[in-house]
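Q: Pasting a structure below so you can have a look.
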Amino acid sequence: MPYPLEEQEAIGRRIKRLRLRLGMAQADLAAAVDKTQGWLSRVENGRLELDRAGLINQIAAALHCHPNDLLDRPYTSDVPANKWQVAAASILRELRRYDLTPVFQGQPRSSDELWQDMKRLHRLRDAAANVAILRTLPDLLREARALAEVSGGHEREEAYAVYAICCKFAHTAAHALGHPELIAMACERAAWSAQRSGDPLMPAVADWMRVWDMWTTAAWDDSLALADKALRDVQDAYDRGDQLAARLWGALQLRAAVSAARASNEAETEHRIGLAREASASVDAYVGPPIDDRATLTFSTGNVEIHAISVQLEMGNQGEALRLNGEADSAALAALPKSRLGHYHMDLSRAYLWDGKRDKALEELGTAEGLAPELVRNHPIARATLRRIVYAERAATRERLRRMSSRFHLDDQGLFR
């Protein structure tokens, strides 16, 4: 790759700088991530893309840094696009003063009214409108905390449940936009409020969040163990046929499948996807009143389908990913929210690119961006995929021009030096 794109070259330089700061030889870092020294040299020189989240996390863990330190997230952009960080700072302020008397004017609304706001945030999350979510959360966190302060009994417990779900929304948006401090604090406060919520499933929701955070340190075994701990906590409710528990149980199995895939444990990955399919079958078979998905997990058959594709890519099996996509239930996929479909089409773009089909890869990436522009433009894997497509097109064009110049006998004019 004679002309590395600027952002990827910068990632390579950051890896080299952090490695040298630790006094680590190139060969040692390569061995730590089970790669050759030549491979790492190409990465550090900006000649090779990092387009697998698990691999980025492994490198960051070996260098004792956060993955965002390698990727330079949040990405810089124009002033309007950066204003979400003001909202993030306000959320952090509320989360830091979690055990102090809330500063709230007037009487907080009831928990029933606050849960209605959670439904609106759920719709924003499904639309991948993460900036809008962050702008809404400071006031909601403050009001939920105020309700917990002035109420008692079940109403107080519900206020803490609302607070926990607000933390979950902050956690999701912070992951999407690249704000590690908010990610960590939102997860901690979710666990704190879940314990006070009186909802027996809410602590497992907080653990579901923690599994995601464990991936950043490449702690695959620990993330799998944490998922299993949370699964044990909801197992009885799942066995009784509780529909909220079924959704949470299935979502935790998907978390476990990703953990296993990043550890290159193919058998465990397939096992966990199979268990998630069992849970989705239970959800599909349910007949009764509508279920209030208060944990906002959006677990479904379609979600299992796209995770089955994604984990194959984590293990480098693009052929199997494309095969599974060909067999996927199109109706189940169509029912997914835009946020999930954005991830799905990003994964398909990678699969087609690895399979040598650049036109299809670009088409899928364009579809992902059209569905969830804010999510995709801020996603490091989407950016790496686009860089690879751009480079491949440059290289192909350059080679065609070189051959044509040879036919025109222009070689002696130094056009390709």
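Chain labels run A, B, ... following the order of the structure tokens; each chain numbers its residues from 1, and ligands are numbered from 1 in the order shown.
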Env of Arg358 of chain A: 10 Å cut, atoms = only C-alpha atoms, seq-sep filter 3 positions within chain, self excluded. Answer as number ranges by chain.
A: A: 349-355, 361-364, 386, 388-390, 392-393
Q: May I have the residues within 7 Å of segment 257-274 of chain A as a ChimeraX atom specification, using only C-alpha atoms and disregarding those fewer than 2 positions away in the same chain?
A: /A:54,220,223-224,253-255,276-278,308,311,314-315
Q: Restrict the selected residues to C-alpha atoms and save them as a compact mmCIF listing (two decimals), in the first residue's frame.
A:
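Listing of result28.txt after writing:
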```txt
# COMPACT_ATOMS: atom_id res chain seq x y z
CA GLY A 54 -11.64 -7.78 18.74
CA TRP A 220 -12.88 -12.53 26.73
CA SER A 223 -16.79 -11.25 29.84
CA LEU A 224 -18.08 -14.77 29.27
CA GLN A 253 -26.49 -15.28 25.23
CA LEU A 254 -25.70 -12.97 22.29
CA ARG A 255 -23.20 -11.10 24.45
CA ALA A 276 -30.19 -17.34 21.76
CA ARG A 277 -32.28 -18.94 18.99
CA GLU A 278 -34.15 -20.94 21.64
CA ALA A 308 -24.92 -15.00 13.88
CA VAL A 311 -19.71 -13.43 15.10
CA GLU A 314 -15.20 -11.75 14.29
CA MET A 315 -13.69 -15.19 13.61
```
Q: Report as a PyMOL selection string all protein, DNA and RNA residues lying within 12 Å of segment 235-237 of chain A, evaluated on only C-alpha atoms, omitting residues in the same chain fewer than 4 positions from it.
A: chain A and resi 200-201+204+227-231+241-250+252-253+279
Q: Please dump the current selection as a compact mmCIF listing (two decimals), in the first residue's frame; keep C-alpha atoms.
A:
```
# COMPACT_ATOMS: atom_id res chain seq x y z
CA PRO A 200 -35.13 -8.53 40.02
CA LEU A 201 -33.98 -8.35 36.38
CA ALA A 204 -28.58 -8.46 35.12
CA ALA A 227 -22.54 -13.13 31.11
CA ASP A 228 -22.98 -16.52 32.76
CA LYS A 229 -23.34 -14.89 36.19
CA ALA A 230 -26.11 -12.66 34.85
CA LEU A 231 -27.74 -15.64 33.13
CA GLY A 241 -41.74 -18.27 30.97
CA ASP A 242 -41.35 -14.64 32.03
CA GLN A 243 -41.19 -12.74 28.75
CA LEU A 244 -38.93 -9.93 29.97
CA ALA A 245 -36.57 -12.57 31.35
CA ALA A 246 -36.64 -14.40 28.00
CA ARG A 247 -35.55 -11.24 26.21
CA LEU A 248 -32.80 -10.57 28.72
CA TRP A 249 -31.65 -14.22 28.72
CA GLY A 250 -31.42 -14.21 24.93
CA LEU A 252 -27.06 -12.18 27.37
CA GLN A 253 -26.49 -15.28 25.23
CA ALA A 279 -34.94 -17.72 23.50
```
Q: Here is a test: counting only C-alpha atoms, which residue of A:Arg120, A:Arg407, A:His345, A:Arg135 is nearest to Ala321 of chain A?
A: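 The closest residue to Ala321 of chain A is A:His345.
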Q: Let me make sure I understand: among A:Ala148, A:Glu181, A:Ala88, A:Ser405, which one has the smallest atom-to-atom distance to Phe104 of chain A if we use only C-alpha atoms?
A: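 Among the listed residues, the smallest separation from Phe104 of chain A belongs to A:Ala148.
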Q: Would you compute the distance between atom CA of Cys167 of chain A and atom CA of Ala190 of chain A? Give it in Å to one decimal.
A: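 So the two atoms, atom CA of Cys167 of chain A and atom CA of Ala190 of chain A, lie 5.4 Å apart.
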